[in-house]
Amino acid sequence: PASVPGPRLKLEQVFIAVKTTGRFHRTRLALLLQTWISKTKAQTFIFTDTEDENLRAEGVNLLVTSCHSDHSQQALSCKMSAEYDSFMASDKRWFCHVDDDNYLNPEALLSLLSRFPQDGDVYVGKPSLDKPITAHELMDGNKTREVHFWFATGGAGFCLSRRLAEKMAPWASGSRFELTSAKIRLPDDCTVGFIVEERLGVSMVHSPLFHSHLENLLLIGHRSLPQQVVPALRPRCFLLSCCSLSLLMVLSLLQVTLSYGMFENKMNTIEVQGSFTKEDDPSRFKSVHCLLFPLTSWCP
Ligand code: UDP
Ligand code: MN
């Protein structure tokens with residue numbers, strides 16, 4: 001993105017939507033509240049399907065939707081629709097969505113979004129496919145039409161500018177989001193891509209700074225480093241492996257989102273040597289958080 005002069009974007013201007021479900025409140029969500037959400041509490045809105053008094057008592061912005069608590073296309077589109085409508089009703093400039101297994105780095109997010117024209121049409125995220133997805137849009141008379149478009153994986157997080165979100169309204173507001181999703185028979189994140197790229201003709205901005213557990217998280221940073229850099233640094237390092245490892249660790253800390261989860265039957269996480277063992281911090285989110293915010297009370 002081209003850099004534009006002007007006042008730097010503030011966190012207060014970003015609406016951060018987190019999608020979760022009742023059975024993940026005490027596991028996944030608690031970890032996020034302890035870590036990055038503690039820095040973005042007022043701007044972060046939790047979209048769930050189950051009331052939770054403990055979360056309310058903590059002062060979390062909890063939005064209990066009437067969406068089903070399952071992993072179906074319909075239930076997930078229902079939550080995305082609620083996220084979109086809540087953002088539209090807010091006064092924020094940017095909409096960002098993450099899942100409850102994402103770590104969001106607030107400073108990295110702000111510097112990414114600041115580099116876009118603030119009143120432009122922006123859809124930024126990371127695709128998990130290496131080519132546009134093919135969908136079969138249902139048409140009148142049981143016909144279908146093949147359409148191709150990029151979409152940002154919901155599990156890696158993505159953002160939309162307000163101006164673009166406003167243009168999406170004819171296919172996204174109220175009950176329309178779920179209708180659009182049903183029309184292409186694809187999940188919520190694909191539906192956002194369909195509306196932006198296919199309906200509005202706006203191209204998604206592909207960013208390497210978003211990460212889902214569908215990619216090998218151990219490789220974070222490797223791609224953004226020019227091939228020559230690591231070997232070139234080696235002779236200067238006292239401990240070769242140590243040097244390139246900490247470089248990669250720094251790169252992890254510059255990403256906008258991170259994730260964790262199972263991938264090909266193995267635990268997929270980023271590699272950081274933090275203050276917590278893999279047993280105490282299997283997701284590595286606590287270690288990342290303590291590297292980013294070392295003054296946090298529970299950080300060693
Ligand atoms: N999720 C949900 N309802 C469910 C299962 C999952 O809202 O019944 C949410 C979950 O909280 C997460 C997202 O959907 O934010 C993706 O779920 P998960 O990470 O379990 O699966 P993935 O699609 O990443 O494999
Ligand atoms: Mn996930």
# chains A, B, ... in the order shown; residues from 1 in each chain; ligands from 1
>>> residues_near_ligand(ligand="ligand 1", cutoff="9 Å", atoms="only C-alpha atoms and all ligand atoms", output="PDB file with C-alpha atoms, in the first residue's frame")
ATOM      1  CA  VAL A  18     -13.746 -12.085  17.621  1.00  0.00           C
ATOM      2  CA  LYS A  19     -15.827 -15.117  16.696  1.00  0.00           C
ATOM      3  CA  THR A  20     -16.231 -17.746  19.391  1.00  0.00           C
ATOM      4  CA  THR A  21     -18.683 -20.286  20.760  1.00  0.00           C
ATOM      5  CA  GLY A  22     -19.814 -21.240  24.274  1.00  0.00           C
ATOM      6  CA  ARG A  23     -17.553 -24.251  24.698  1.00  0.00           C
ATOM      7  CA  PHE A  24     -14.442 -22.178  23.915  1.00  0.00           C
ATOM      8  CA  HIS A  25     -15.070 -19.365  26.429  1.00  0.00           C
ATOM      9  CA  ARG A  28      -9.508 -20.298  23.834  1.00  0.00           C
ATOM     10  CA  LEU A  29     -11.169 -17.003  24.720  1.00  0.00           C
ATOM     11  CA  PHE A  47     -19.455 -12.658  19.095  1.00  0.00           C
ATOM     12  CA  THR A  48     -20.701 -15.835  20.664  1.00  0.00           C
ATOM     13  CA  ASP A  49     -23.804 -18.006  21.028  1.00  0.00           C
ATOM     14  CA  CYS A  67     -26.829 -18.106  15.932  1.00  0.00           C
ATOM     15  CA  HIS A  68     -26.508 -21.873  16.227  1.00  0.00           C
ATOM     16  CA  SER A  69     -23.514 -23.108  18.184  1.00  0.00           C
ATOM     17  CA  ASP A  70     -22.122 -25.392  15.536  1.00  0.00           C
ATOM     18  CA  HIS A  71     -19.536 -25.264  12.803  1.00  0.00           C
ATOM     19  CA  SER A  72     -22.073 -25.224   9.968  1.00  0.00           C
ATOM     20  CA  ALA A  75     -24.073 -20.786  11.912  1.00  0.00           C
ATOM     21  CA  LEU A  76     -20.756 -19.215  10.943  1.00  0.00           C
ATOM     22  CA  LYS A  79     -22.066 -14.743  13.295  1.00  0.00           C
ATOM     23  CA  VAL A  98     -10.369 -12.738  13.919  1.00  0.00           C
ATOM     24  CA  ASP A  99     -11.132 -16.222  15.210  1.00  0.00           C
ATOM     25  CA  ASP A 100     -10.688 -17.225  18.848  1.00  0.00           C
ATOM     26  CA  ASP A 101      -7.445 -19.031  17.989  1.00  0.00           C
ATOM     27  CA  ASN A 102      -5.734 -15.885  16.685  1.00  0.00           C
ATOM     28  CA  GLY A 154     -11.311 -16.050   8.298  1.00  0.00           C
ATOM     29  CA  GLY A 155      -8.971 -18.090  10.479  1.00  0.00           C
ATOM     30  CA  ALA A 156      -6.108 -15.721   9.640  1.00  0.00           C
ATOM     31  CA  SER A 212      -3.932 -19.168  10.222  1.00  0.00           C
ATOM     32  CA  HIS A 213      -3.133 -22.700  11.378  1.00  0.00           C
ATOM     33  CA  LEU A 214      -3.740 -23.871   7.811  1.00  0.00           C
ATOM     34  CA  TYR A 260      -2.156 -22.264  16.579  1.00  0.00           C
ATOM     35  CA  GLY A 261      -3.848 -25.562  16.077  1.00  0.00           C
ATOM     36  CA  MET A 262      -3.534 -28.998  14.627  1.00  0.00           C
TER      37      MET A 262
END
>>> residues_around(residues="region 185-199 of chain A", least_positions_apart="3", cutoff="7 Å", atoms="only C-alpha atoms", output="PyMOL selection string")
chain A and resi 73+76-77+80+149-154+168+171+180-182+202-204
>>> closest_residue(among="A:Ser128, A:Ser161, A:Ser283, A:Asn216", to="Ser114 (chain A)", atoms="only C-alpha atoms")
A:Ser161
>>> select_by_dssp(residues="region 7-239 of chain A", states="strand (DSSP E)", output="VMD selection string")
chain A and resid 14 to 19 44 to 48 61 to 64 94 to 99 102 to 104 123 to 125 133 to 138 144 to 149 158 to 161 205 to 206
>>> residues_around(residues="Ile16 (chain A)", least_positions_apart="4", cutoff="7 Å", atoms="only C-alpha atoms", output="PyMOL selection string")
chain A and resi 43-45+95-97
>>> write_last_selection(atoms="N, CA and C atoms", output="tab-separated table (two decimals), in the first residue's frame")
chain	number	residue	atom	x	y	z
A	43	GLN	N	-12.14	-1.82	22.21
A	43	GLN	CA	-12.40	-1.91	20.75
A	43	GLN	C	-12.75	-3.32	20.32
A	44	THR	N	-12.71	-4.27	21.25
A	44	THR	CA	-12.88	-5.67	20.88
A	44	THR	C	-14.27	-6.17	21.27
A	45	PHE	N	-14.93	-6.81	20.33
A	45	PHE	CA	-16.30	-7.28	20.52
A	45	PHE	C	-16.33	-8.78	20.28
A	95	PHE	N	-13.05	-2.35	10.08
A	95	PHE	CA	-13.60	-3.59	10.64
A	95	PHE	C	-12.54	-4.66	10.50
A	96	CYS	N	-12.19	-5.31	11.61
A	96	CYS	CA	-11.28	-6.44	11.53
A	96	CYS	C	-11.92	-7.63	12.22
A	97	HIS	N	-11.80	-8.79	11.57
A	97	HIS	CA	-12.34	-10.03	12.12
A	97	HIS	C	-11.19	-10.96	12.47
>>> closest_residue(among="A:Gly157, A:Gly59, A:Pro106, A:Pro127", to="ligand 2", atoms="only C-alpha atoms and all ligand atoms")
A:Gly157
>>> closest_residue(among="A:Phe116, A:Phe15, A:Tyr123, A:Phe263", to="ligand 2", atoms="only C-alpha atoms and all ligand atoms")
A:Phe263
>>> select_by_dssp(residues="region 79-145 of chain A", states="helix (DSSP H, G or I)", output="JSON, numbers by chain")
{"A": [79, 80, 81, 82, 83, 84, 85, 86, 87, 88, 89, 106, 107, 108, 109, 110, 111, 112, 113, 114, 140, 141, 142]}
>>> residues_around(residues="region 291-296 of chain A", least_positions_apart="4", cutoff="8 Å", atoms="only C-alpha atoms", output="list in words")
Leu253, Gly274 and Ser287 of chain A
>>> residues_around(residues="Lys10 (chain A)", least_positions_apart="2", cutoff="12 Å", atoms="only C-alpha atoms", output="ChimeraX atom specification")
/A:6-8,12-15,40,43,92-94,106-114,118
>>> write_last_selection(atoms="N, CA and C atoms", output="compact mmCIF listing (two decimals), in the first residue's frame")
# COMPACT_ATOMS: atom_id res chain seq x y z
N GLY A 6 -0.66 12.09 7.08
CA GLY A 6 -1.87 12.34 7.87
C GLY A 6 -1.69 11.76 9.25
N PRO A 7 -2.63 12.04 10.13
CA PRO A 7 -2.48 11.55 11.50
C PRO A 7 -2.55 10.02 11.53
N ARG A 8 -1.76 9.45 12.40
CA ARG A 8 -1.72 7.99 12.47
C ARG A 8 -3.05 7.46 13.00
N GLU A 12 -8.67 3.21 18.71
CA GLU A 12 -10.09 3.52 18.95
C GLU A 12 -10.89 3.55 17.66
N GLN A 13 -10.18 3.66 16.52
CA GLN A 13 -10.89 3.74 15.24
C GLN A 13 -11.08 2.37 14.59
N VAL A 14 -10.66 1.32 15.29
CA VAL A 14 -10.77 -0.03 14.73
C VAL A 14 -11.76 -0.85 15.53
N PHE A 15 -12.63 -1.54 14.83
CA PHE A 15 -13.61 -2.44 15.43
C PHE A 15 -13.05 -3.85 15.27
N THR A 40 -6.73 -4.18 24.07
CA THR A 40 -7.66 -3.64 23.06
C THR A 40 -9.10 -3.80 23.54
N GLN A 43 -12.14 -1.82 22.21
CA GLN A 43 -12.40 -1.91 20.75
C GLN A 43 -12.75 -3.32 20.32
N LYS A 92 -16.70 3.29 14.06
CA LYS A 92 -15.30 2.97 13.77
C LYS A 92 -15.01 3.04 12.27
N ARG A 93 -13.74 3.26 11.96
CA ARG A 93 -13.31 3.39 10.55
C ARG A 93 -12.95 2.08 9.89
N TRP A 94 -12.49 1.12 10.69
CA TRP A 94 -12.04 -0.17 10.15
C TRP A 94 -12.74 -1.31 10.85
N PRO A 106 -1.70 -5.54 18.17
CA PRO A 106 -2.37 -4.26 17.91
C PRO A 106 -1.49 -3.24 17.19
N GLU A 107 -0.22 -3.15 17.57
CA GLU A 107 0.67 -2.17 16.92
C GLU A 107 0.91 -2.53 15.46
N ALA A 108 1.11 -3.80 15.19
CA ALA A 108 1.34 -4.24 13.81
C ALA A 108 0.09 -3.99 12.97
N LEU A 109 -1.07 -4.19 13.57
CA LEU A 109 -2.33 -3.94 12.85
C LEU A 109 -2.45 -2.46 12.49
N LEU A 110 -2.17 -1.60 13.47
CA LEU A 110 -2.27 -0.16 13.21
C LEU A 110 -1.30 0.29 12.14
N SER A 111 -0.07 -0.24 12.18
CA SER A 111 0.86 0.24 11.14
C SER A 111 0.45 -0.27 9.78
N LEU A 112 -0.12 -1.46 9.70
CA LEU A 112 -0.60 -1.95 8.39
C LEU A 112 -1.75 -1.07 7.89
N LEU A 113 -2.75 -0.87 8.72
CA LEU A 113 -3.94 -0.12 8.26
C LEU A 113 -3.62 1.34 7.98
N SER A 114 -2.66 1.90 8.73
CA SER A 114 -2.29 3.31 8.53
C SER A 114 -1.74 3.56 7.15
N GLN A 118 -7.22 6.20 4.01
CA GLN A 118 -8.23 5.90 5.03
C GLN A 118 -9.66 5.94 4.50
>>> closest_residue(among="A:Cys299, A:Leu200, A:Leu160, A:Leu258", to="ligand 2", atoms="only C-alpha atoms and all ligand atoms")
A:Leu258
>>> residues_around(residues="His136 (chain A)", least_positions_apart="6", cutoff="10 Å", atoms="only C-alpha atoms", output="list of chain:residue names")
A:Lys143, A:Thr144, A:Arg145, A:Glu146, A:Val147, A:His148, A:Lys183, A:Ile184, A:Arg185, A:Leu186
>>> write_last_selection(atoms="C-alpha atoms", output="compact mmCIF listing (two decimals), in the first residue's frame")
# COMPACT_ATOMS: atom_id res chain seq x y z
CA LYS A 143 -29.27 -22.72 -13.10
CA THR A 144 -25.80 -22.02 -11.75
CA ARG A 145 -23.08 -19.67 -12.85
CA GLU A 146 -19.39 -20.30 -12.25
CA VAL A 147 -17.60 -17.44 -10.48
CA HIS A 148 -13.97 -17.03 -9.38
CA LYS A 183 -26.41 -18.44 -2.89
CA ILE A 184 -22.82 -19.59 -3.33
CA ARG A 185 -23.07 -22.38 -0.72
CA LEU A 186 -19.77 -21.37 0.85
>>> decode(residues="region 110-226 of chain A", atoms="C-alpha atoms", output="compact mmCIF listing (two decimals), in the first residue's frame")
# COMPACT_ATOMS: atom_id res chain seq x y z
CA LEU A 110 -2.27 -0.16 13.21
CA SER A 111 0.86 0.24 11.14
CA LEU A 112 -0.60 -1.95 8.39
CA LEU A 113 -3.94 -0.12 8.26
CA SER A 114 -2.29 3.31 8.53
CA ARG A 115 -0.54 2.70 5.23
CA PHE A 116 -3.84 2.55 3.28
CA PRO A 117 -5.79 5.59 2.14
CA GLN A 118 -8.23 5.90 5.03
CA ASP A 119 -11.23 6.62 2.81
CA GLY A 120 -10.39 3.98 0.18
CA ASP A 121 -11.96 0.61 -0.62
CA VAL A 122 -9.77 -1.81 1.30
CA TYR A 123 -10.12 -5.55 1.92
CA VAL A 124 -6.89 -6.95 3.32
CA GLY A 125 -6.01 -10.43 4.52
CA LYS A 126 -4.36 -13.63 3.48
CA PRO A 127 -5.76 -16.26 1.15
CA SER A 128 -5.24 -19.90 2.11
CA LEU A 129 -5.56 -21.07 -1.49
CA ASP A 130 -2.97 -20.31 -4.17
CA LYS A 131 -5.61 -19.34 -6.70
CA PRO A 132 -9.08 -17.81 -6.70
CA ILE A 133 -11.82 -20.10 -5.41
CA THR A 134 -14.46 -21.36 -7.85
CA ALA A 135 -18.07 -21.08 -6.73
CA HIS A 136 -21.31 -22.03 -8.38
CA GLU A 137 -23.70 -19.19 -7.81
CA LEU A 138 -27.33 -20.30 -7.76
CA MET A 139 -29.36 -18.46 -10.39
CA ASP A 140 -33.05 -18.36 -11.22
CA GLY A 141 -34.56 -21.54 -12.65
CA ASN A 142 -32.12 -23.87 -10.88
CA LYS A 143 -29.27 -22.72 -13.10
CA THR A 144 -25.80 -22.02 -11.75
CA ARG A 145 -23.08 -19.67 -12.85
CA GLU A 146 -19.39 -20.30 -12.25
CA VAL A 147 -17.60 -17.44 -10.48
CA HIS A 148 -13.97 -17.03 -9.38
CA PHE A 149 -12.71 -14.74 -6.66
CA TRP A 150 -10.06 -14.42 -3.96
CA PHE A 151 -11.04 -14.48 -0.31
CA ALA A 152 -9.14 -13.89 2.92
CA THR A 153 -9.20 -16.90 5.26
CA GLY A 154 -11.31 -16.05 8.30
CA GLY A 155 -8.97 -18.09 10.48
CA ALA A 156 -6.11 -15.72 9.64
CA GLY A 157 -8.12 -12.55 10.24
CA PHE A 158 -8.91 -9.80 7.74
CA CYS A 159 -9.94 -6.15 7.66
CA LEU A 160 -12.35 -3.99 5.66
CA SER A 161 -12.41 -0.20 5.40
CA ARG A 162 -15.66 1.54 6.27
CA ARG A 163 -16.13 2.86 2.76
CA LEU A 164 -15.94 -0.64 1.31
CA ALA A 165 -18.14 -2.09 4.07
CA GLU A 166 -20.79 0.51 3.20
CA LYS A 167 -20.75 -0.56 -0.44
CA MET A 168 -21.24 -4.18 0.64
CA ALA A 169 -24.56 -3.44 2.34
CA PRO A 170 -26.86 -4.62 -0.52
CA TRP A 171 -25.40 -8.16 -0.10
CA ALA A 172 -24.28 -8.04 3.52
CA SER A 173 -26.64 -6.12 5.77
CA GLY A 174 -29.31 -7.71 7.93
CA SER A 175 -30.51 -11.04 6.53
CA ARG A 176 -28.72 -10.47 3.23
CA PHE A 177 -25.35 -11.84 4.30
CA GLU A 178 -26.79 -15.28 5.02
CA LEU A 179 -28.77 -15.18 1.76
CA THR A 180 -25.60 -14.36 -0.18
CA SER A 181 -23.72 -17.14 1.60
CA ALA A 182 -26.50 -19.59 0.73
CA LYS A 183 -26.41 -18.44 -2.89
CA ILE A 184 -22.82 -19.59 -3.33
CA ARG A 185 -23.07 -22.38 -0.72
CA LEU A 186 -19.77 -21.37 0.85
CA PRO A 187 -18.74 -20.25 4.35
CA ASP A 188 -18.70 -16.73 5.75
CA ASP A 189 -15.14 -15.80 4.79
CA CYS A 190 -15.69 -16.88 1.17
CA THR A 191 -18.89 -14.85 1.15
CA VAL A 192 -16.99 -11.68 2.09
CA GLY A 193 -14.59 -12.34 -0.81
CA PHE A 194 -17.51 -12.95 -3.17
CA ILE A 195 -19.21 -9.68 -2.25
CA VAL A 196 -16.03 -7.60 -2.45
CA GLU A 197 -14.35 -9.09 -5.51
CA GLU A 198 -17.23 -10.44 -7.56
CA ARG A 199 -20.12 -8.12 -6.73
CA LEU A 200 -18.14 -4.91 -6.22
CA GLY A 201 -15.13 -5.57 -8.44
CA VAL A 202 -12.68 -4.53 -5.73
CA SER A 203 -9.49 -6.62 -5.45
CA MET A 204 -8.39 -8.02 -2.16
CA VAL A 205 -4.99 -6.89 -0.89
CA HIS A 206 -2.91 -10.00 -0.16
CA SER A 207 -0.84 -9.55 2.98
CA PRO A 208 1.78 -11.97 4.32
CA LEU A 209 1.26 -10.58 7.82
CA PHE A 210 -1.88 -12.62 8.63
CA HIS A 211 -1.56 -16.26 9.69
CA SER A 212 -3.93 -19.17 10.22
CA HIS A 213 -3.13 -22.70 11.38
CA LEU A 214 -3.74 -23.87 7.81
CA GLU A 215 -0.16 -22.85 7.07
CA ASN A 216 3.02 -24.17 8.63
CA LEU A 217 3.52 -21.61 11.40
CA LEU A 218 7.12 -22.69 11.99
CA LEU A 219 7.98 -21.00 8.70
CA ILE A 220 6.86 -17.52 9.74
CA GLY A 221 9.45 -14.97 8.77
CA HIS A 222 11.37 -17.29 6.50
CA ARG A 223 9.39 -16.11 3.50
CA SER A 224 9.70 -12.43 4.29
CA LEU A 225 13.49 -12.75 4.58
CA PRO A 226 15.31 -12.50 1.28
